[in-house]
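Peer 1: Input file: entry10.txt. Contents: compact mmCIF, C-alpha atoms.
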```txt
# COMPACT_ATOMS: atom_id res chain seq x y z
CA MET A 1 22.28 13.32 223.08
CA GLY A 2 20.04 13.07 226.05
CA ALA A 3 19.45 10.40 228.62
CA GLY A 4 18.44 7.00 227.36
CA HIS A 5 17.78 3.56 228.68
CA ALA A 6 20.70 1.71 230.19
CA HIS A 7 22.30 -0.97 228.07
CA ARG A 8 22.44 -4.57 229.30
CA LEU A 9 26.25 -4.47 229.35
CA TYR A 10 26.33 -1.53 231.74
CA LEU A 11 26.44 -2.24 235.48
CA PRO A 12 25.24 0.82 237.43
CA GLY A 13 27.55 1.91 240.21
CA THR A 14 29.22 4.80 241.99
CA SER A 15 32.80 3.52 242.03
CA PRO A 16 35.74 5.79 241.16
CA VAL A 17 35.93 4.05 237.77
CA HIS A 18 32.25 4.74 237.07
CA ARG A 19 32.69 8.42 237.92
CA LEU A 20 35.56 9.02 235.50
CA PRO A 21 34.59 10.92 232.33
CA PRO A 22 34.14 8.58 229.36
CA GLN A 23 36.83 10.12 227.18
CA THR A 24 39.48 9.47 229.83
CA LYS A 25 38.49 5.80 230.07
CA ILE A 26 38.43 5.40 226.30
CA VAL A 27 41.97 6.78 225.96
CA ALA A 28 43.16 4.65 228.89
CA VAL A 29 41.75 1.44 227.39
CA VAL A 30 43.13 2.15 223.91
CA ALA A 31 46.58 2.92 225.34
CA PHE A 32 46.47 -0.22 227.49
CA VAL A 33 45.56 -2.43 224.53
CA LEU A 34 48.31 -0.93 222.37
CA LEU A 35 50.88 -1.64 225.09
CA VAL A 36 49.64 -5.22 225.41
CA VAL A 37 49.89 -5.74 221.66
CA ALA A 38 53.42 -4.29 221.61
CA THR A 39 54.65 -6.70 224.30
CA PRO A 40 56.84 -9.61 223.10
CA ARG A 41 54.86 -12.81 223.19
CA GLU A 42 57.67 -14.71 224.91
CA ARG A 43 57.35 -12.59 228.09
CA MET A 44 54.56 -14.59 229.70
CA TRP A 45 55.05 -12.92 233.06
CA ALA A 46 54.22 -9.57 231.47
CA PHE A 47 50.78 -10.78 230.43
CA ALA A 48 50.21 -12.04 233.97
CA GLY A 49 51.04 -8.52 235.14
CA TYR A 50 48.51 -7.02 232.73
CA ALA A 51 45.89 -9.46 233.99
CA LEU A 52 46.57 -8.37 237.57
CA LEU A 53 46.13 -4.74 236.55
CA LEU A 54 42.74 -5.50 235.01
CA ALA A 55 41.77 -7.50 238.09
CA GLY A 56 42.59 -4.44 240.18
CA VAL A 57 40.38 -2.26 237.98
CA ALA A 58 37.54 -4.80 238.27
CA LEU A 59 37.84 -4.79 242.06
CA LEU A 60 37.91 -1.00 242.19
CA ALA A 61 34.89 -0.80 239.88
CA ARG A 62 33.07 -3.57 241.81
CA VAL A 63 32.50 -5.57 238.63
CA PRO A 64 32.02 -9.24 239.63
CA PHE A 65 34.62 -11.61 238.20
CA PRO A 66 31.95 -14.18 237.18
CA THR A 67 30.27 -11.47 235.09
CA VAL A 68 33.53 -10.68 233.32
CA ALA A 69 34.18 -14.39 232.75
CA ARG A 70 30.72 -14.93 231.21
CA ARG A 71 31.13 -12.01 228.86
CA THR A 72 34.48 -13.23 227.55
CA VAL A 73 32.52 -15.95 225.73
CA ILE A 74 32.37 -13.46 222.86
CA GLU A 75 35.93 -14.41 221.94
CA VAL A 76 35.19 -18.13 221.55
CA PRO A 77 35.60 -18.03 217.71
CA PHE A 78 39.08 -16.55 218.12
CA VAL A 79 39.95 -19.16 220.74
CA ALA A 80 38.88 -21.93 218.37
CA PHE A 81 41.02 -20.43 215.61
CA ALA A 82 44.00 -20.13 217.96
CA PHE A 83 43.76 -23.80 218.96
CA LEU A 84 43.96 -24.81 215.29
CA ILE A 85 47.13 -22.84 214.56
CA PRO A 86 49.64 -25.27 216.14
CA PHE A 87 48.30 -28.07 213.95
CA VAL A 88 48.39 -26.21 210.63
CA ALA A 89 51.40 -23.92 211.07
CA GLN A 90 54.72 -24.76 209.44
CA GLY A 91 58.06 -25.05 211.21
CA GLU A 92 59.78 -27.27 213.75
CA ARG A 93 57.45 -29.88 215.24
CA ILE A 94 57.37 -30.83 218.91
CA THR A 95 55.31 -33.32 220.88
CA VAL A 96 52.71 -31.99 223.30
CA LEU A 97 50.39 -34.44 225.08
CA GLY A 98 51.23 -37.03 222.47
CA LEU A 99 50.41 -34.74 219.52
CA GLN A 100 52.79 -33.36 216.93
CA VAL A 101 52.39 -29.59 216.75
CA SER A 102 54.35 -26.64 215.41
CA GLU A 103 56.44 -24.82 218.00
CA GLY A 104 55.98 -21.53 216.18
CA GLY A 105 52.26 -22.24 215.94
CA LEU A 106 52.10 -22.70 219.72
CA TRP A 107 53.65 -19.28 220.21
CA ASP A 108 51.23 -17.77 217.68
CA ALA A 109 48.27 -19.36 219.46
CA TRP A 110 49.49 -18.07 222.82
CA ASN A 111 50.00 -14.61 221.33
CA ILE A 112 46.40 -14.48 220.06
CA LEU A 113 44.88 -15.90 223.24
CA ALA A 114 46.81 -13.71 225.68
CA LYS A 115 46.54 -10.41 223.85
CA GLY A 116 43.01 -11.02 222.59
CA THR A 117 41.70 -11.98 226.01
CA LEU A 118 43.28 -8.98 227.71
CA GLY A 119 41.81 -6.66 225.09
CA VAL A 120 38.37 -8.22 225.44
CA VAL A 121 38.44 -7.96 229.25
CA ALA A 122 39.53 -4.31 229.06
CA SER A 123 36.61 -3.59 226.72
CA ILE A 124 34.21 -5.46 229.00
CA LEU A 125 35.27 -3.34 231.96
CA LEU A 126 34.85 -0.18 229.90
CA ALA A 127 31.32 -1.18 228.84
CA ALA A 128 30.42 -2.27 232.38
CA THR A 129 31.40 1.06 233.92
CA THR A 130 30.25 3.51 231.25
CA GLU A 131 26.76 4.10 229.87
CA PRO A 132 26.64 3.79 226.07
CA ARG A 133 25.30 7.34 225.63
CA LEU A 134 28.24 8.65 227.67
CA LEU A 135 30.65 6.58 225.59
CA LEU A 136 29.31 8.32 222.50
CA LEU A 137 29.71 11.71 224.15
CA GLY A 138 33.25 10.78 225.13
CA ILE A 139 34.07 9.77 221.57
CA GLU A 140 32.68 13.07 220.34
CA ARG A 141 34.84 14.88 222.92
CA LEU A 142 37.83 13.14 221.34
CA ARG A 143 36.99 14.89 218.05
CA MET A 144 35.24 11.99 216.35
CA PRO A 145 33.14 13.37 213.44
CA PRO A 146 29.63 14.17 214.77
CA LEU A 147 27.97 12.30 211.90
CA ILE A 148 29.61 9.03 212.98
CA THR A 149 28.57 9.49 216.61
CA GLN A 150 25.00 10.28 215.54
CA ILE A 151 24.83 7.12 213.42
CA ALA A 152 26.14 5.11 216.38
CA ALA A 153 23.63 6.78 218.70
CA PHE A 154 20.68 5.93 216.45
CA MET A 155 21.94 2.38 216.01
CA LEU A 156 22.16 1.99 219.78
CA ARG A 157 18.72 3.51 220.32
CA TYR A 158 16.85 1.57 217.65
CA MET A 159 18.65 -1.77 217.76
CA ASP A 160 16.24 -2.97 220.45
CA VAL A 161 13.29 -1.57 218.49
CA VAL A 162 14.26 -3.52 215.37
CA ALA A 163 14.91 -6.65 217.45
CA ALA A 164 11.44 -6.33 219.02
CA GLU A 165 9.89 -5.98 215.56
CA LEU A 166 11.73 -9.11 214.43
CA GLY A 167 10.38 -10.92 217.48
CA ARG A 168 6.81 -9.93 216.64
CA MET A 169 7.26 -11.17 213.09
CA ARG A 170 8.57 -14.48 214.40
CA VAL A 171 5.54 -14.85 216.67
CA ALA A 172 3.23 -14.02 213.75
CA ARG A 173 4.85 -16.72 211.59
CA ALA A 174 4.64 -19.27 214.39
CA SER A 175 0.96 -18.47 215.03
CA ARG A 176 0.27 -19.36 211.40
CA GLY A 177 1.98 -22.73 211.77
CA PHE A 178 5.29 -21.82 210.09
CA GLU A 179 8.39 -23.84 211.02
CA ALA A 180 11.77 -23.50 209.31
CA ARG A 181 12.46 -27.16 208.76
CA ASP A 182 14.30 -27.21 205.41
CA LEU A 183 15.42 -25.05 202.49
CA ARG A 184 11.84 -24.47 201.43
CA ALA A 185 11.53 -22.08 204.36
CA THR A 186 14.20 -19.80 202.85
CA ARG A 187 11.63 -18.01 200.69
CA VAL A 188 9.48 -17.11 203.69
CA LEU A 189 12.47 -16.00 205.74
CA ALA A 190 13.76 -13.88 202.86
CA ARG A 191 10.38 -12.13 202.62
CA SER A 192 10.50 -11.52 206.39
CA VAL A 193 13.93 -9.90 206.08
CA GLY A 194 12.65 -7.70 203.24
CA ALA A 195 9.59 -6.68 205.25
CA LEU A 196 11.77 -5.89 208.26
CA PHE A 197 14.02 -3.70 206.10
CA LEU A 198 11.06 -1.77 204.69
CA ARG A 199 9.53 -1.24 208.12
CA SER A 200 12.86 -0.06 209.52
CA TYR A 201 13.38 2.29 206.57
CA GLU A 202 9.89 3.78 206.93
CA ARG A 203 10.39 4.21 210.67
CA GLY A 204 13.69 5.98 210.00
CA GLU A 205 11.97 8.35 207.56
CA ARG A 206 9.29 9.20 210.14
CA VAL A 207 11.88 9.78 212.85
CA HIS A 208 13.91 12.05 210.57
CA LEU A 209 10.86 14.11 209.63
CA ALA A 210 9.92 14.44 213.29
CA MET A 211 13.44 15.63 214.14
CA VAL A 212 13.47 18.19 211.29
CA SER A 213 10.08 19.53 212.41
CA ARG A 214 11.62 20.13 215.84
CA GLY A 215 14.58 22.09 214.52
CA TYR A 216 17.17 19.41 213.82
CA ASP A 217 20.06 20.99 211.88
CA GLY A 218 22.53 18.13 211.64
CA ARG A 219 23.74 18.20 215.24
CA MET A 220 22.20 16.53 218.26
CA PRO A 221 21.70 18.68 221.37
CA VAL A 222 24.07 17.82 224.23
CA LEU A 223 22.24 17.72 227.54
CA HIS A 224 25.11 16.45 229.67
CA ASP A 225 28.62 17.89 229.87
CA VAL A 226 31.39 15.30 230.13
CA GLY A 227 34.39 17.56 230.53
CA ALA A 228 37.40 16.10 232.36
CA THR A 229 39.72 17.76 234.84
CA ALA A 230 43.47 17.25 235.05
CA ALA A 231 42.96 15.11 238.16
CA GLN A 232 40.54 12.85 236.31
CA TRP A 233 42.91 12.44 233.38
CA THR A 234 45.68 11.59 235.85
CA ALA A 235 43.51 8.98 237.57
CA ALA A 236 42.59 7.37 234.25
CA ALA A 237 46.25 7.34 233.24
CA LEU A 238 47.18 5.05 236.14
CA LEU A 239 46.25 1.90 234.21
CA PRO A 240 48.20 2.64 231.00
CA SER A 241 51.10 4.05 233.04
CA ALA A 242 51.42 0.84 235.04
CA ALA A 243 51.04 -1.14 231.81
CA ALA A 244 53.81 0.96 230.23
CA LEU A 245 56.16 -0.01 233.06
CA VAL A 246 55.36 -3.68 232.50
CA ALA A 247 55.88 -3.34 228.74
CA LEU A 248 59.19 -1.51 229.26
CA ALA A 249 60.41 -4.23 231.62
CA ALA A 250 59.37 -6.86 229.08
CA TRP A 251 61.41 -5.20 226.34
CA ILE A 252 64.58 -4.59 228.37
CA ALA A 253 64.55 -7.91 230.24
CA PRO A 254 67.25 -10.33 229.03
```
Can the structure in the file be given as structure tokens, please?

Peer 2:
Amino acid sequence: MGAGHAHRLYLPGTSPVHRLPPQTKIVAVVAFVLLVVATPRERMWAFAGYALLLAGVALLARVPFPTVARRTVIEVPFVAFAFLIPFVAQGERITVLGLQVSEGGLWDAWNILAKGTLGVVASILLAATTEPRLLLLGIERLRMPPLITQIAAFMLRYMDVVAAELGRMRVARASRGFEARDLRATRVLARSVGALFLRSYERGERVHLAMVSRGYDGRMPVLHDVGATAAQWTAAALLPSAAALVALAAWIAP
């Protein structure tokens, strides 16, 4: 997997976090998220500690806080679901701001919001400090089946190509006076989706034939080594290690 164009989620930089091998960051983020999930929901101070740890990583990586905040919008559907839980959950009812809500539902909503947000922010920091192609190499280093990483690599590479094709089709429809005003437009849109599928399939066939003609044997050539040293693994382990201390304190605290 050679060099490719940078993804819009990636923020180029030379910080210590950027320089860590991708597999070390992947393991660190997964371990951090598991520790967050395992923390009792009643220990609110523990989640504040996790947030401070992520803030420290963002500062070290020089990822602007406004950028992180904007990208957390992706969890809006989960936030909306969490806000509904106190109103529909069963159990003892309490009054909050003049509204009757379930006490257990409030804890469930807090549990989803706190743990979900921390997981999303950790993923945002990972994407902001690691190029997608290096993430795929890191996943392959962690013994992910090569076929899965190749599928992900092609999806990443050609997602923008398919999106551009869809944009050209939209412009072509608009230039012919088409506007999707009611259900009658469904037929035209369905034909557009079918045409997009056929074009994508044909492009995939041409790409595969071109790869085979150049010696493709089921494995992509690796042009960049992402091996990690013991020091780099140790540096990446600082985040989950600190999170483990917070989780341990949360479990043993009275």

Peer 1: Give me the residues near A:Ala231 as number ranges by chain, where near means some atom within 12 Å (using all atoms listed in the file) and where sequence neighbours in that chain fewer than 4 positions away do not count.

Peer 2: A: 20-21, 24, 227, 235-238

Peer 1: Would you mind telling me which residue in A:Ser102, A:Thr129, A:Thr229, A:Asn111 lies nearest to A:Leu60 when using only C-alpha atoms?

Peer 2: A:Thr129

Peer 1: Could you work out how far atom CA of A:Ala230 lies from atom CA of A:Ala122, giving the answer in Å with one decimal?

Peer 2: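 Interatomic distance here is 22.7 Å.
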
Peer 1: Using all atoms listed in the file for the distances, tell me which of A:Leu113, A:Met211, A:Trp251, A:Leu11 is nearest to A:Leu84.

Peer 2: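 Ranked by minimum distance to A:Leu84, first place goes to A:Leu113.
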
Peer 1: Excluding A:Val57 and any residue of its chain fewer than 6 positions from it, enumerate the residues within 9 Å of it, using all atoms listed in the file, and give them as a ChimeraX atom specification.

Peer 2: /A:17,63,125,239

Peer 1: So what do you get for atom CA of A:Trp107 versus atom CA of A:Val68, distance-wise?

Peer 2: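 Taking atom CA of A:Trp107 as the start and atom CA of A:Val68 as the end point, the length is 25.5 Å.
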
Peer 1: Would you list the contacts of A:Phe47 as a PyMOL selection string, taking every protein, DNA or RNA residue within 8 Å and counting all atoms listed in the file, but skipping same-chain residues closer than 5 positions in sequence?

Peer 2: chain A and resi 36+114-115

Peer 1: Calculate how many Å separate atom CA of A:Ala31 from atom CA of A:Ile74, rounding to one decimal.

Peer 2: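 The value is 21.8 Å.
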
Peer 1: Using only C-alpha atoms, find the one residue out of A:Tyr10, A:Trp110, A:Phe65, A:Phe81 that sits nearest to A:Met44.

Peer 2: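 Using only C-alpha atoms, A:Met44 sits closest to A:Trp110.
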
Peer 1: Which one of A:Leu126, A:Arg19, A:Leu53, A:Thr14 sits closest to A:Ala244 if you count all atoms listed in the file?

Peer 2: A:Leu53

Peer 1: From the list A:Arg184, A:Arg133, A:Arg70, A:Arg41, which residue is nearest A:Asp108 when using all atoms listed in the file?

Peer 2: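 Under the stated criterion, the closest residue is A:Arg41.
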
Peer 1: Writing C-alpha atoms and nothing else, produce stretch 18-71 of chain A as a compact mmCIF listing (two decimals), in the first residue's frame.

Peer 2:
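Generated output (part_28.txt):
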```txt
# COMPACT_ATOMS: atom_id res chain seq x y z
CA HIS A 18 1.90 11.89 14.96
CA ARG A 19 5.27 10.10 14.92
CA LEU A 20 4.08 7.03 16.82
CA PRO A 21 3.57 3.93 14.64
CA PRO A 22 -0.10 3.38 13.81
CA GLN A 23 -0.42 -0.04 15.44
CA THR A 24 0.67 1.37 18.80
CA LYS A 25 -1.96 4.10 18.63
CA ILE A 26 -4.67 1.66 17.58
CA VAL A 27 -3.96 -0.62 20.56
CA ALA A 28 -3.78 2.37 22.91
CA VAL A 29 -7.15 3.73 21.76
CA VAL A 30 -8.87 0.34 21.93
CA ALA A 31 -7.50 -0.28 25.44
CA PHE A 32 -8.55 3.21 26.54
CA VAL A 33 -12.10 2.74 25.25
CA LEU A 34 -12.42 -0.65 26.95
CA LEU A 35 -11.33 0.86 30.26
CA VAL A 36 -13.84 3.69 29.87
CA VAL A 37 -16.63 1.23 29.13
CA ALA A 38 -15.69 -0.88 32.17
CA THR A 39 -15.88 2.10 34.54
CA PRO A 40 -18.97 2.27 36.81
CA ARG A 41 -21.30 4.95 35.57
CA GLU A 42 -21.78 6.39 39.06
CA ARG A 43 -18.11 7.49 39.27
CA MET A 44 -18.52 10.81 37.48
CA TRP A 45 -15.12 12.04 38.57
CA ALA A 46 -13.51 9.13 36.71
CA PHE A 47 -14.98 10.29 33.41
CA ALA A 48 -13.68 13.79 34.11
CA GLY A 49 -10.25 12.21 34.57
CA TYR A 50 -10.54 10.42 31.23
CA ALA A 51 -11.51 13.70 29.57
CA LEU A 52 -8.42 15.38 31.03
CA LEU A 53 -6.26 12.58 29.64
CA LEU A 54 -7.70 13.09 26.16
CA ALA A 55 -7.24 16.84 26.50
CA GLY A 56 -3.58 16.21 27.29
CA VAL A 57 -3.22 14.05 24.17
CA ALA A 58 -4.89 16.76 22.06
CA LEU A 59 -2.48 19.37 23.42
CA LEU A 60 0.52 17.13 22.81
CA ALA A 61 -0.68 16.38 19.27
CA ARG A 62 -1.52 20.06 18.63
CA VAL A 63 -5.06 19.19 17.57
CA PRO A 64 -7.24 22.31 18.09
CA PHE A 65 -10.06 21.84 20.58
CA PRO A 66 -12.60 23.58 18.26
CA THR A 67 -11.77 20.99 15.58
CA VAL A 68 -12.42 18.14 17.99
CA ALA A 69 -15.66 19.77 19.14
CA ARG A 70 -16.93 20.17 15.55
CA ARG A 71 -16.19 16.57 14.72
```
